[in-house]
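J.: I'd like to ask you about the structure that follows.
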Amino acid sequence: AGRRGGGPRTRKPNSSRPSGTPAEAPGWRRKLSEQARAYGFLLGGLLCFALFSWYPAIRAVVIAFQKYTPGSPPQWIGTANFTHVFHDPEFTAAWKNTLTFTLLALAIGFAVPFVMAVVLNELRHARAFFRVVVYLPVMIPPVVSALLWKWFYDPGAGLANEALRFLHLPTSNWSNGADTALVSLVIVATWANMGGTVLIYLAALQGIPGELYEAAELDGANLLQRVRHVTVPQTRFIILMLMLLQIIATMQIFTEPFVITGGGPEDSTVTVLYLIYKYAFLYQDFGGACALSVMLLVLLSAFSALYLRLTRSDDD
């Protein structure tokens with residue numbers, strides 16, 4: 001009687017339910033549906049990767065030990081394909097040219113992007129414009145880029161020799177000379193691919209604390225000394241990673257020799273990948289082509305394992 005409101009106080013229904021009741025079933029079904037959809041997308045990607053990457057690699061390893069010609073059943077011949085390609089005169093030339101190209105690419109194509117990144121990082125005006133200019137060759141299709149350089153290297157009316165004549169300098173055979181062809185291809189590959197490397201270096205340089213450069217300047221360090229004592233130590237991990245990736249990429253050089261020189265002159269630009277192409281599509285020797293592919297696969301796998309080992313975090 002002493003309570004306000006006069007009426008009896010009603011008891012609120014208990015909103016809590018034990019887990020597993022039918023009210024929570026739609027939530028569980030929704031989660032299962034989302035997980036099933038996610039695994040479905042993942043399964044589709046794995047199937048595509050297995051069909052277009054794993055299966056050809058495994059199939060190539062199998063064919064490397066078989067005599068495989070179109071229209072006839074394969075025959076198991078053991079290591080005969082490896083012995084055959086090993087005694088091919090082009091085998092030594094291909095590996096020599098590939099290793100030489102890789103070393104030249106490290107000497108030219110590895111140093112130039114780093115220098116370009118340092119210069120762009122020091123600019124105070126028009127930095128975005130020069131970034132676009134440096135990255136522009138990457139957006140050109142590789143075959144188009146190779147065709148442009150083939151015309152540029154033409155010993156007759158090519159732009160390179162025309163520029164040398166204008167400066168009253170001796171002309172060169174460029175890609176048509178046995179002594180200069182491989183270096184010419186290194187220049188092409190460096191020009192076509194350095195844009196992405198420069199941007200990666202720029203990102204690494206901009207991550208260096210500015211206090212380090214300010215301290216170096218207070219100590220009287222010039223640009224070269226700042227690069228030596230600050231830039232290189234702070235970016236040594238990125239430098240090592242890009243060096244390994246460049247070794248893996250340059251050892252698979254194919255477009256430039258195929259389009260510009262055709263492996264010549266005198267087999268001076270025949271690379272391992274170009275020799276694989278010749279075995280498969282010119283000689284119709286798929287066993288020999290796969291044997292060469294397996295050799296290259298083993299070598300590149302070693303560099304890839306080293307790259308994965310160095311990039312693995314301590315928590316793995």
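Residues are named by chain letter and number: chains run A, B, ... in the order of the structure tokens, numbers start at 1 in each chain, and ligands are numbered from 1 in the order shown.
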For the structure I just gave you, how does DSSP split range 40-237 of chain A - specifically, which residues are strand (DSSP E)? Reply as a list in words.
T.: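 These are the residues in question: Gln66, Lys67, Gln75 and Trp76 of chain A.
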J.: Among range 189-246 of chain A, which ones does DSSP place in alpha helix (DSSP H), written as number ranges by chain?
T.: A: 189-206, 210-218, 223-226, 232-234, 236-246
J.: Please report, as a Markdown table, each residue of range 85-188 of chain A lying at most 12 Å from range 264-279 of chain A, together with the nearest pair of atoms and the separation in Å rounded to one decimal; use only C-alpha atoms, and order rows by chain and ascending residue number.
T.:
| residue | atom | partner | partner_atom | distance |
| --- | --- | --- | --- | --- |
| A:Val85 | CA | A:Tyr279 | CA | 9.3 |
| A:Asp88 | CA | A:Leu275 | CA | 10.6 |
| A:Pro89 | CA | A:Asp267 | CA | 10.1 |
| A:Glu90 | CA | A:Asp267 | CA | 7.6 |
| A:Phe91 | CA | A:Val272 | CA | 7.7 |
| A:Thr92 | CA | A:Val272 | CA | 9.4 |
| A:Ala93 | CA | A:Val270 | CA | 6.9 |
| A:Ala94 | CA | A:Thr271 | CA | 4.4 |
| A:Trp95 | CA | A:Val272 | CA | 5.9 |
| A:Lys96 | CA | A:Thr271 | CA | 8.1 |
| A:Asn97 | CA | A:Thr271 | CA | 5.8 |
| A:Thr98 | CA | A:Thr271 | CA | 5.1 |
| A:Leu99 | CA | A:Thr271 | CA | 8.8 |
| A:Thr100 | CA | A:Thr271 | CA | 9.9 |
| A:Phe101 | CA | A:Thr271 | CA | 8.8 |
| A:Thr102 | CA | A:Thr271 | CA | 10.6 |
| A:Asn173 | CA | A:Pro265 | CA | 10.8 |
| A:Trp174 | CA | A:Pro265 | CA | 10.9 |
| A:Ser175 | CA | A:Pro265 | CA | 8.2 |
| A:Asn176 | CA | A:Pro265 | CA | 6.3 |
| A:Gly177 | CA | A:Pro265 | CA | 6.5 |
| A:Ala178 | CA | A:Pro265 | CA | 5.4 |
| A:Asp179 | CA | A:Ser268 | CA | 7.9 |
| A:Thr180 | CA | A:Ser268 | CA | 9.1 |
| A:Ala181 | CA | A:Thr269 | CA | 6.8 |
| A:Leu182 | CA | A:Thr269 | CA | 5.8 |
| A:Val183 | CA | A:Thr269 | CA | 9.6 |
| A:Ser184 | CA | A:Thr269 | CA | 10.1 |
| A:Leu185 | CA | A:Thr269 | CA | 8.4 |
| A:Val186 | CA | A:Thr269 | CA | 10.6 |
J.: Which one of A:Pro113, A:Pro155, A:Pro74, A:Pro233 sits closest to Ile200 in chain A if you count only C-alpha atoms?
T.: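 Once distances to Ile200 in chain A are computed over only C-alpha atoms, the minimum belongs to A:Pro113.
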J.: Kindly indicate which residue among A:Gly196, A:Gly262, A:Pro209, A:Pro73 lies nearest to Phe110 in chain A, using only C-alpha atoms for the distances.
T.: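 When distances to Phe110 in chain A are compared using only C-alpha atoms, the smallest one comes from A:Gly196.
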J.: Which residue, A:Ile247, A:Val198, A:Ala163, A:Ile58, has the smallest gap to Val132 in chain A when you use only C-alpha atoms?
T.: A:Val198
J.: For CA of Val227 in chain A and CA of Ala203 in chain A, quote the distance in Å rounded to one decimal.
T.: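 Atom-to-atom, CA of Val227 in chain A and CA of Ala203 in chain A are spaced 15.4 Å apart.
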